[in-house]
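Participant: If you scroll down you'll find the structure; I have some questions about it.
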Amino acid sequence: MDDLGVLGRNVRRLRLERQLSLGELARRSDLAKQTLANLESGGGNPTVQTLLAVARALGVGVTWLVTEWGSPIIVQRGADAAWDDFPTGRRRTLDQTMGSGQVITAVVELEPGVGQVSPGLAPGTLQHALVLSGSVLAGPVGETHTLLAGDFIRFPGDVPHILDAAGCTAVVHVVTTVPQVQQFSPSPVRQQDEV
């Protein structure tokens, strides 16, 4: 994702975590609502003053706005899978994540027609899913993908999302990674006065 996309996603995520409307963030930052809407959509050409005003209004440093905290969605189609040969067989690397935290791996059988939206999990959580059989609808609400056996997806699990059978029963290998250290504060960060 480009730098403006990272910036926009971070501003939106921080704003929503603080339960601020776009209008309230505009008021707190003394910026136009349209300027912030453009920023969140990954558009515009923000100045340093704009970034400083947004960061102050959100209670974070500017680096929080320009650092890739979350993760873009990755879809890897089974037909396009790359396999590496080893003396004992082949390996298909689905994804790599760095850092420490909790990793939960499971094989999930999904029944069709359930279609319920899962709430966002802890900040920084990622969902990794490899469809073993059937057809699956997966991804954040509003950004779902239909996947078939052999397809892989990684998507942010810290936003409302869907993992549902699309048609008949489906089997999915799911790995959930939860960072040990929270990536975003649930409330604005307060800076200590220097002594």
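In the structure tokens, chains take the letters A, B, ... in the order shown, each chain's residues start at 1, and ligands count up from 1 in the order shown.
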For A:Leu22, list every protein, DNA or RNA residue within 8 Å, evaluated using only C-alpha atoms, and leave out those in the same chain fewer than 4 positions away; present the list as a PyMOL selection string.

Facilitator: chain A and resi 15+26+33+36-37

Participant: Please return as a PyMOL selection string: the residues of stretch 48-169 of chain A that backbone DSSP assigns to strand (DSSP E or B).

Facilitator: chain A and resi 74-76+84-86+89-91+101-110+112+118+126-133+135-140+145-148+152-156+161-165

Participant: Could those selected residues go to a file with N, CA and C atoms, as a CSV table (one decimal), in the first residue's frame?

Facilitator:
chain,number,residue,atom,x,y,z
A,74,ILE,N,-4.2,-9.6,2.0
A,74,ILE,CA,-3.5,-10.3,1.0
A,74,ILE,C,-4.3,-11.5,0.6
A,75,VAL,N,-4.5,-11.7,-0.7
A,75,VAL,CA,-5.2,-12.8,-1.3
A,75,VAL,C,-4.3,-13.6,-2.2
A,76,GLN,N,-4.1,-14.9,-1.9
A,76,GLN,CA,-3.2,-15.7,-2.7
A,76,GLN,C,-4.1,-16.8,-3.3
A,84,ASP,N,8.0,-24.2,-3.0
A,84,ASP,CA,9.5,-24.4,-2.9
A,84,ASP,C,9.8,-25.8,-2.7
A,85,ASP,N,10.7,-26.4,-3.5
A,85,ASP,CA,11.1,-27.8,-3.3
A,85,ASP,C,12.1,-27.9,-2.2
A,86,PHE,N,12.0,-29.0,-1.5
A,86,PHE,CA,12.9,-29.4,-0.4
A,86,PHE,C,13.2,-30.9,-0.6
A,89,GLY,N,10.1,-32.8,0.3
A,89,GLY,CA,8.8,-32.5,-0.3
A,89,GLY,C,8.7,-31.0,-0.8
A,90,ARG,N,7.5,-30.4,-0.7
A,90,ARG,CA,7.4,-29.1,-1.1
A,90,ARG,C,6.7,-28.3,0.0
A,91,ARG,N,6.9,-26.9,0.0
A,91,ARG,CA,6.3,-26.0,1.0
A,91,ARG,C,5.8,-24.8,0.2
A,101,GLY,N,3.8,-12.5,20.4
A,101,GLY,CA,2.4,-12.4,20.8
A,101,GLY,C,1.7,-13.8,20.8
A,102,GLN,N,0.4,-13.8,20.7
A,102,GLN,CA,-0.3,-15.1,20.7
A,102,GLN,C,-0.6,-15.5,19.3
A,103,VAL,N,-0.4,-16.8,19.0
A,103,VAL,CA,-0.8,-17.4,17.7
A,103,VAL,C,-1.7,-18.5,18.0
A,104,ILE,N,-2.9,-18.5,17.4
A,104,ILE,CA,-3.9,-19.5,17.5
A,104,ILE,C,-4.1,-20.1,16.2
A,105,THR,N,-4.0,-21.4,16.1
A,105,THR,CA,-4.2,-22.1,14.8
A,105,THR,C,-5.3,-23.2,14.9
A,106,ALA,N,-6.1,-23.3,13.9
A,106,ALA,CA,-7.3,-24.2,14.0
A,106,ALA,C,-7.8,-24.5,12.6
A,107,VAL,N,-8.4,-25.7,12.6
A,107,VAL,CA,-9.1,-26.1,11.4
A,107,VAL,C,-10.6,-25.9,11.7
A,108,VAL,N,-11.3,-25.1,10.9
A,108,VAL,CA,-12.6,-24.7,11.2
A,108,VAL,C,-13.6,-25.3,10.1
A,109,GLU,N,-14.6,-25.9,10.5
A,109,GLU,CA,-15.7,-26.3,9.6
A,109,GLU,C,-16.8,-25.3,9.6
A,110,LEU,N,-17.1,-24.7,8.5
A,110,LEU,CA,-18.1,-23.6,8.4
A,110,LEU,C,-19.4,-24.2,7.8
A,112,PRO,N,-23.0,-23.5,5.9
A,112,PRO,CA,-23.6,-22.4,5.1
A,112,PRO,C,-24.8,-21.7,5.8
A,118,SER,N,-18.3,-11.1,12.7
A,118,SER,CA,-17.5,-11.2,14.0
A,118,SER,C,-17.1,-9.8,14.3
A,126,LEU,N,-4.4,-10.2,13.3
A,126,LEU,CA,-4.5,-10.6,11.9
A,126,LEU,C,-5.2,-12.0,11.8
A,127,GLN,N,-6.0,-12.2,10.8
A,127,GLN,CA,-6.6,-13.5,10.5
A,127,GLN,C,-5.9,-14.0,9.2
A,128,HIS,N,-5.5,-15.2,9.2
A,128,HIS,CA,-4.9,-15.9,8.1
A,128,HIS,C,-5.8,-17.1,7.8
A,129,ALA,N,-6.3,-17.3,6.6
A,129,ALA,CA,-7.1,-18.4,6.3
A,129,ALA,C,-6.8,-19.1,5.0
A,130,LEU,N,-6.6,-20.4,5.0
A,130,LEU,CA,-6.4,-21.2,3.8
A,130,LEU,C,-7.6,-22.1,3.6
A,131,VAL,N,-8.3,-22.0,2.5
A,131,VAL,CA,-9.5,-22.8,2.3
A,131,VAL,C,-9.0,-24.2,1.9
A,132,LEU,N,-9.4,-25.2,2.7
A,132,LEU,CA,-9.1,-26.6,2.4
A,132,LEU,C,-10.1,-27.2,1.5
A,133,SER,N,-11.4,-26.9,1.7
A,133,SER,CA,-12.5,-27.4,0.8
A,133,SER,C,-13.7,-26.5,0.9
A,135,SER,N,-16.2,-23.4,-0.6
A,135,SER,CA,-16.1,-22.0,-1.0
A,135,SER,C,-16.4,-21.1,0.2
A,136,VAL,N,-15.6,-20.0,0.4
A,136,VAL,CA,-15.7,-19.2,1.6
A,136,VAL,C,-15.8,-17.7,1.2
A,137,LEU,N,-16.5,-17.0,2.0
A,137,LEU,CA,-16.6,-15.5,1.9
A,137,LEU,C,-15.8,-15.0,3.1
A,138,ALA,N,-14.7,-14.3,2.9
A,138,ALA,CA,-13.9,-13.9,4.0
A,138,ALA,C,-13.3,-12.5,3.8
A,139,GLY,N,-13.1,-11.8,5.0
A,139,GLY,CA,-12.5,-10.5,4.9
A,139,GLY,C,-13.2,-9.5,5.8
A,140,PRO,N,-12.7,-8.2,5.9
A,140,PRO,CA,-13.4,-7.2,6.7
A,140,PRO,C,-14.7,-6.9,6.0
A,145,HIS,N,-13.9,-11.3,0.2
A,145,HIS,CA,-13.5,-12.0,-1.1
A,145,HIS,C,-14.1,-13.4,-1.1
A,146,THR,N,-14.5,-13.9,-2.2
A,146,THR,CA,-14.9,-15.3,-2.3
A,146,THR,C,-13.7,-16.1,-2.7
A,147,LEU,N,-13.5,-17.1,-1.9
A,147,LEU,CA,-12.3,-17.9,-2.0
A,147,LEU,C,-12.7,-19.4,-2.2
A,148,LEU,N,-11.9,-20.1,-3.0
A,148,LEU,CA,-12.1,-21.5,-3.3
A,148,LEU,C,-11.0,-22.3,-2.6
A,152,PHE,N,-5.8,-18.5,-0.3
A,152,PHE,CA,-5.4,-18.0,1.0
A,152,PHE,C,-5.7,-16.5,1.1
A,153,ILE,N,-6.1,-16.1,2.3
A,153,ILE,CA,-6.3,-14.6,2.6
A,153,ILE,C,-5.7,-14.3,3.9
A,154,ARG,N,-5.1,-13.1,4.0
A,154,ARG,CA,-4.8,-12.5,5.3
A,154,ARG,C,-5.5,-11.2,5.4
A,155,PHE,N,-6.1,-10.9,6.5
A,155,PHE,CA,-6.8,-9.6,6.6
A,155,PHE,C,-6.8,-9.2,8.1
A,156,PRO,N,-7.0,-7.8,8.3
A,156,PRO,CA,-7.1,-7.3,9.7
A,156,PRO,C,-8.2,-8.0,10.5
A,161,HIS,N,-15.5,-8.4,10.8
A,161,HIS,CA,-15.1,-9.2,9.7
A,161,HIS,C,-16.0,-10.5,9.5
A,162,ILE,N,-15.9,-11.1,8.4
A,162,ILE,CA,-16.7,-12.3,8.1
A,162,ILE,C,-15.8,-13.4,7.6
A,163,LEU,N,-16.2,-14.6,8.1
A,163,LEU,CA,-15.6,-15.9,7.6
A,163,LEU,C,-16.8,-16.8,7.6
A,164,ASP,N,-17.3,-17.1,6.4
A,164,ASP,CA,-18.6,-17.8,6.2
A,164,ASP,C,-18.5,-18.7,5.0
A,165,ALA,N,-19.2,-19.9,5.1
A,165,ALA,CA,-19.3,-20.8,4.0
A,165,ALA,C,-20.1,-20.1,2.9

Participant: How far is it from atom CA of A:Gly42 to atom CA of A:Gly120, in Å with one decimal?

Facilitator: 22.2 Å

Participant: Record the distance separating atom CA of A:Asn10 and atom CA of A:Gly115, expressed in Å with one decimal.

Facilitator: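 So the answer is 28.2 Å.
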
Participant: Find, counting only C-alpha atoms, the residue in A:Leu7, A:Val178, A:Leu52, A:Ala82 that gets nearest to A:Gly124.

Facilitator: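 Selected residue with least distance to A:Gly124: A:Val178.
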
Participant: Taking into account only C-alpha atoms, which residue in the set A:Val171, A:Ile73, A:Val11, A:Val6 is nearest to A:Leu58?

Facilitator: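 Using only C-alpha atoms, the shortest distance to A:Leu58 belongs to A:Val11.
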
Participant: Set the distance at 12 Å and use only C-alpha atoms: which residues neighbour A:Thr47 once local chain neighbours fewer than 3 positions away are removed? I'd like the list as JSON, numbers by chain.

Facilitator: {"A": [4, 31, 35, 39, 44, 50, 51, 52, 53, 54, 62]}

Participant: Hey, can you spit out that residue selection with N, CA and C atoms as a compact mmCIF listing (two decimals), in the first residue's frame?

Facilitator:
# COMPACT_ATOMS: atom_id res chain seq x y z
N LEU A 4 0.27 7.30 1.38
CA LEU A 4 -0.97 8.02 1.69
C LEU A 4 -2.06 7.05 2.13
N LEU A 31 -9.27 21.65 11.37
CA LEU A 31 -9.13 21.40 9.94
C LEU A 31 -10.53 21.21 9.36
N THR A 35 -11.04 17.96 4.31
CA THR A 35 -9.61 17.68 4.32
C THR A 35 -9.35 16.34 5.00
N LEU A 39 -7.98 12.79 3.52
CA LEU A 39 -6.84 12.15 4.16
C LEU A 39 -7.15 10.68 4.46
N GLY A 44 -5.37 13.45 -1.39
CA GLY A 44 -4.88 14.74 -0.93
C GLY A 44 -3.37 14.78 -0.88
N THR A 50 -0.70 19.96 8.71
CA THR A 50 -1.91 19.13 8.77
C THR A 50 -1.64 17.87 9.58
N LEU A 51 -0.53 17.21 9.31
CA LEU A 51 -0.18 15.98 10.04
C LEU A 51 0.00 16.26 11.53
N LEU A 52 0.65 17.37 11.85
CA LEU A 52 0.84 17.72 13.27
C LEU A 52 -0.50 18.00 13.95
N ALA A 53 -1.39 18.71 13.26
CA ALA A 53 -2.70 19.03 13.83
C ALA A 53 -3.52 17.76 14.07
N VAL A 54 -3.50 16.82 13.12
CA VAL A 54 -4.24 15.57 13.27
C VAL A 54 -3.65 14.73 14.40
N VAL A 62 3.35 12.03 15.36
CA VAL A 62 3.18 11.94 13.91
C VAL A 62 3.60 10.57 13.38

Participant: Just checking: using only C-alpha atoms, which residue out of A:Ser21, A:Asn45, A:Gln116, A:Thr177 ends up closest to A:Pro160?

Facilitator: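 Checking each candidate against A:Pro160, we get A:Gln116 as the closest.
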
Participant: Give the answer as one residue: which of A:Gly59, A:Arg18, A:Gly5, A:Leu25 has the shortest atom-to-atom distance to A:Glu40, using only C-alpha atoms?

Facilitator: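 For A:Glu40, the nearest of the given residues is A:Gly5.
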
Participant: Can you tell me, as a list in words, which residues in stretch 30-194 of chain A count as helix (DSSP H, G or I) by DSSP?

Facilitator: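 These are the residues in question: Lys33, Gln34, Thr35, Leu36, Ala37, Asn38, Leu39, Glu40, Val48, Gln49, Thr50, Leu51, Leu52, Ala53, Val54, Ala55, Arg56, Ala57, Leu58, Val62, Thr63, Trp64, Leu65, Val66, Gly78, Ala79 and Asp80 of chain A.
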
Participant: Have a look at atom CA of A:Arg13 and atom CA of A:Ala166 and let me know their distance in Å, one decimal.

Facilitator: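 Computing it gives 28.9 Å between the two atoms.
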